[in-house]
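Heads up: the structure comes next, in structure tokens.
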Amino acid sequence: MSGAETRSGTADNHVFDRTIDVPLSDPPAEQSTAGIVHDLGNLIQVASSALNRVARDPSVSTAPALDPVIASARTALQQAGALVRETVGRAAASHRAPEHASVGACLAEVENLVRSAWERNVRLEVRVGRDLPAAKCDPLGLQNAVLNLVFNARDAMPDGGLISINAAAVVQDPGTVVELRIEDSGIGMTRETVLRAFDPFFTTKGTGLGGVGLPMVKHFAERHGGRVDIESALGSGTTVILRLPAMQAPRD
């Protein structure tokens with residue numbers, strides 16, 4: 001991508017099995033509750049992986065290199081608390097000014113969260129186009145949507161591989177959108193799986209709280225006037241394209 005800023009990191013496929021009993025009631029409430037638990041599970045997974053690495057290091061008390069790992073775990077837990085606070089405050093959301101998110105800052109935060117906690121068999125590469133406009137959405141929701149997609153990509157690569165995130169402005173009718181492409185080199189999906197991927201609770205995973213992350217990403221995108229699409233083929237990896245309206249630059 002011409003004129004883009006590139007950042008690279010390393011990661012690993014340590015899996016935190018988050019088999020959680022989610023209380024279910026009416027359908028809208030059960031999906032909302034499950035989605036909150038799923039997002040919290042992603043953030044807790046980061047903290048758990050980081051702390052596991054600390055526990056395996058025999059010289060943890062004298063290893064300054066582990067400071068970023070501990071900081072990553074602390075940040076993840078802070079984000080988990082922020083999710084709860086956001087949920088409590090949603091009743092007043094309609095009275096707030098329209099939110100906007102810096103995509104570059106969001107992706108930098110995601111990269112910091114996963115880089116210190118994962119190990120080396122999965123690589124993460126982030127490319128952000130220059131002069132990328134802000135996205136018309138809430139920053140925490142964008143960060144959690146990207147985390148969902150990154151964890152899905154990691155789970156699709158049991159033997160490791162590359163996850164790339166490319167963010168760019170795309171001019172469409174009726175206006176500019178911010179497009180994020182999250183691509184993995186994993187096992188890919190059949191056409192039948194792609195068609196059902198956004199169905200609530202549909203999953204190809206054997207354990208854990210599957211079938212919630214993609215529907216929550218779709219709900220987030222549509223709530224902000226955007227959309228999400230999947231391009232995949234079995235054996236050829238998967239690309240998830242998240243498009244969100246861009247904030248208009250102020251006129252002179």
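Chains: A, B, ... in order of the structure tokens. Residues: from 1 per chain. Ligands: from 1, in order shown.
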
Would you list the contacts of Leu162 (chain A) as a ChimeraX atom specification, taking every protein, DNA or RNA residue within 9 Å and counting only C-alpha atoms, but skipping same-chain residues closer than 6 positions in sequence? /A:121-125,154,183-186

Would you kindly return, as a compact mmCIF listing (two decimals) with all heavy atoms, in the first residue's frame, each protein, DNA or RNA residue with an atom no farther than 8 Å from any atom of Leu214 (chain A), considering only C-alpha atoms and excluding same-chain residues fewer than 4 positions away?
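As written to disk, selection27.txt reads:
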# COMPACT_ATOMS: atom_id res chain seq x y z
N ASN A 148 -12.11 -8.99 18.37
CA ASN A 148 -12.88 -10.18 17.99
C ASN A 148 -12.35 -10.78 16.70
O ASN A 148 -12.15 -12.00 16.58
CB ASN A 148 -14.36 -9.81 17.82
CG ASN A 148 -15.15 -9.91 19.11
OD1 ASN A 148 -14.98 -10.84 19.89
ND2 ASN A 148 -16.01 -8.94 19.33
N LEU A 149 -12.13 -9.93 15.70
CA LEU A 149 -11.68 -10.42 14.39
C LEU A 149 -10.26 -10.95 14.46
O LEU A 149 -9.94 -11.96 13.80
CB LEU A 149 -11.79 -9.30 13.36
CG LEU A 149 -13.22 -8.78 13.11
CD1 LEU A 149 -13.21 -7.61 12.14
CD2 LEU A 149 -14.14 -9.89 12.61
N ALA A 197 -21.92 -17.40 8.81
CA ALA A 197 -20.94 -16.92 9.79
C ALA A 197 -21.51 -15.86 10.73
O ALA A 197 -21.08 -15.77 11.89
CB ALA A 197 -19.71 -16.36 9.07
N PHE A 198 -22.46 -15.05 10.27
CA PHE A 198 -23.01 -14.00 11.11
C PHE A 198 -24.27 -14.43 11.85
O PHE A 198 -24.87 -13.61 12.56
CB PHE A 198 -23.31 -12.75 10.26
CG PHE A 198 -22.08 -12.12 9.67
CD1 PHE A 198 -21.84 -12.15 8.31
CD2 PHE A 198 -21.14 -11.50 10.49
CE1 PHE A 198 -20.71 -11.58 7.77
CE2 PHE A 198 -20.00 -10.92 9.96
CZ PHE A 198 -19.78 -10.96 8.59
N LYS A 218 -20.96 -7.51 13.45
CA LYS A 218 -21.98 -7.08 12.48
C LYS A 218 -22.94 -6.07 13.12
O LYS A 218 -23.28 -5.04 12.51
CB LYS A 218 -22.76 -8.30 11.97
CG LYS A 218 -23.82 -7.99 10.92
CD LYS A 218 -24.40 -9.30 10.39
CE LYS A 218 -25.39 -9.06 9.24
NZ LYS A 218 -26.68 -8.54 9.71

Out of region 99-215 of chain A, which residues get strand (DSSP E) from DSSP, as a VMD selection string? chain A and resid 122 to 129 161 to 171 176 to 184

Can you tell me which residues surround Leu180 (chain A) at a distance of at most 7 Å, considering only C-alpha atoms, apart from same-chain residues fewer than 6 positions away, and format the answer as a list in words?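 Residues near the query, excluding close chain neighbours: Ile165, Asn166, Ala167, Ala168, Ile241, Leu242 and Arg243 of chain A.
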
Could you list, as a PyMOL selection string, every residue within 12 Å of Leu195 (chain A), counting only C-alpha atoms and ignoring same-chain residues fewer than 4 positions away? chain A and resi 189-191+199+202+229-233

Just write the chosen residues, N, CA and C atoms, as a JSON list (two decimals), in the first residue's frame.
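Ended up saving to again27.json:
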[["chain", "number", "residue", "atom", "x", "y", "z"],
["A", 189, "MET", "N", -12.80, -20.90, 5.04],
["A", 189, "MET", "CA", -14.17, -21.36, 5.27],
["A", 189, "MET", "C", -14.76, -21.89, 3.97],
["A", 190, "THR", "N", -15.68, -22.81, 4.12],
["A", 190, "THR", "CA", -16.47, -23.22, 2.97],
["A", 190, "THR", "C", -17.50, -22.13, 2.66],
["A", 191, "ARG", "N", -18.10, -22.19, 1.48],
["A", 191, "ARG", "CA", -19.13, -21.20, 1.13],
["A", 191, "ARG", "C", -20.31, -21.28, 2.09],
["A", 199, "ASP", "N", -24.68, -15.69, 11.72],
["A", 199, "ASP", "CA", -25.83, -16.18, 12.47],
["A", 199, "ASP", "C", -25.48, -16.28, 13.94],
["A", 202, "PHE", "N", -23.93, -19.56, 15.76],
["A", 202, "PHE", "CA", -23.40, -20.54, 14.82],
["A", 202, "PHE", "C", -21.88, -20.58, 14.99],
["A", 229, "ASP", "N", -18.15, -7.70, 5.76],
["A", 229, "ASP", "CA", -18.24, -8.77, 4.76],
["A", 229, "ASP", "C", -17.08, -9.74, 4.95],
["A", 230, "ILE", "N", -17.27, -10.95, 4.43],
["A", 230, "ILE", "CA", -16.24, -11.99, 4.53],
["A", 230, "ILE", "C", -15.90, -12.49, 3.13],
["A", 231, "GLU", "N", -14.59, -12.61, 2.87],
["A", 231, "GLU", "CA", -14.09, -13.27, 1.66],
["A", 231, "GLU", "C", -13.23, -14.44, 2.13],
["A", 232, "SER", "N", -13.59, -15.65, 1.70],
["A", 232, "SER", "CA", -12.84, -16.82, 2.17],
["A", 232, "SER", "C", -13.06, -18.00, 1.24],
["A", 233, "ALA", "N", -12.11, -18.89, 1.28],
["A", 233, "ALA", "CA", -12.23, -20.17, 0.59],
["A", 233, "ALA", "C", -11.47, -21.20, 1.41]]

What is the CA of Arg115 (chain A)-CA of Ala80 (chain A) distance in Å, reported with one decimal?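 That distance, rounded to one decimal, is 18.0 Å.
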
Which neighbours of Ile187 (chain A) fall inside 10 Å, counting only C-alpha atoms, when residues of the same chain fewer than 4 positions from it are skipped, and could you give them as a ChimeraX atom specification? /A:153,155-159,232-238

Using only C-alpha atoms, pick whichever of A:Met247, A:Ala221, A:Arg196, A:Ala108 has the shortest atom-to-atom distance to Val177 (chain A).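 Checking each candidate against Val177 (chain A), we get A:Met247 as the closest.
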
For Cys106 (chain A), which residue among A:Thr193, A:Gln143, A:Gln248, A:Thr239 is the nearest when counting only C-alpha atoms? A:Gln143

Need to verify the contact set: region 130-142 of chain A, 10 Å, only C-alpha atoms, exclusion of same-chain residues closer than 2 positions in sequence. Can you return it as number ranges by chain? A: 2-5, 39, 79, 82-83, 86, 98-107, 127-128, 144-148, 167-170, 176-179, 216-217, 220-221, 223-226, 242-249

Two-atom distance - CA of Gln78 (chain A), CA of Ala47 (chain A) (Å): 10.3 Å
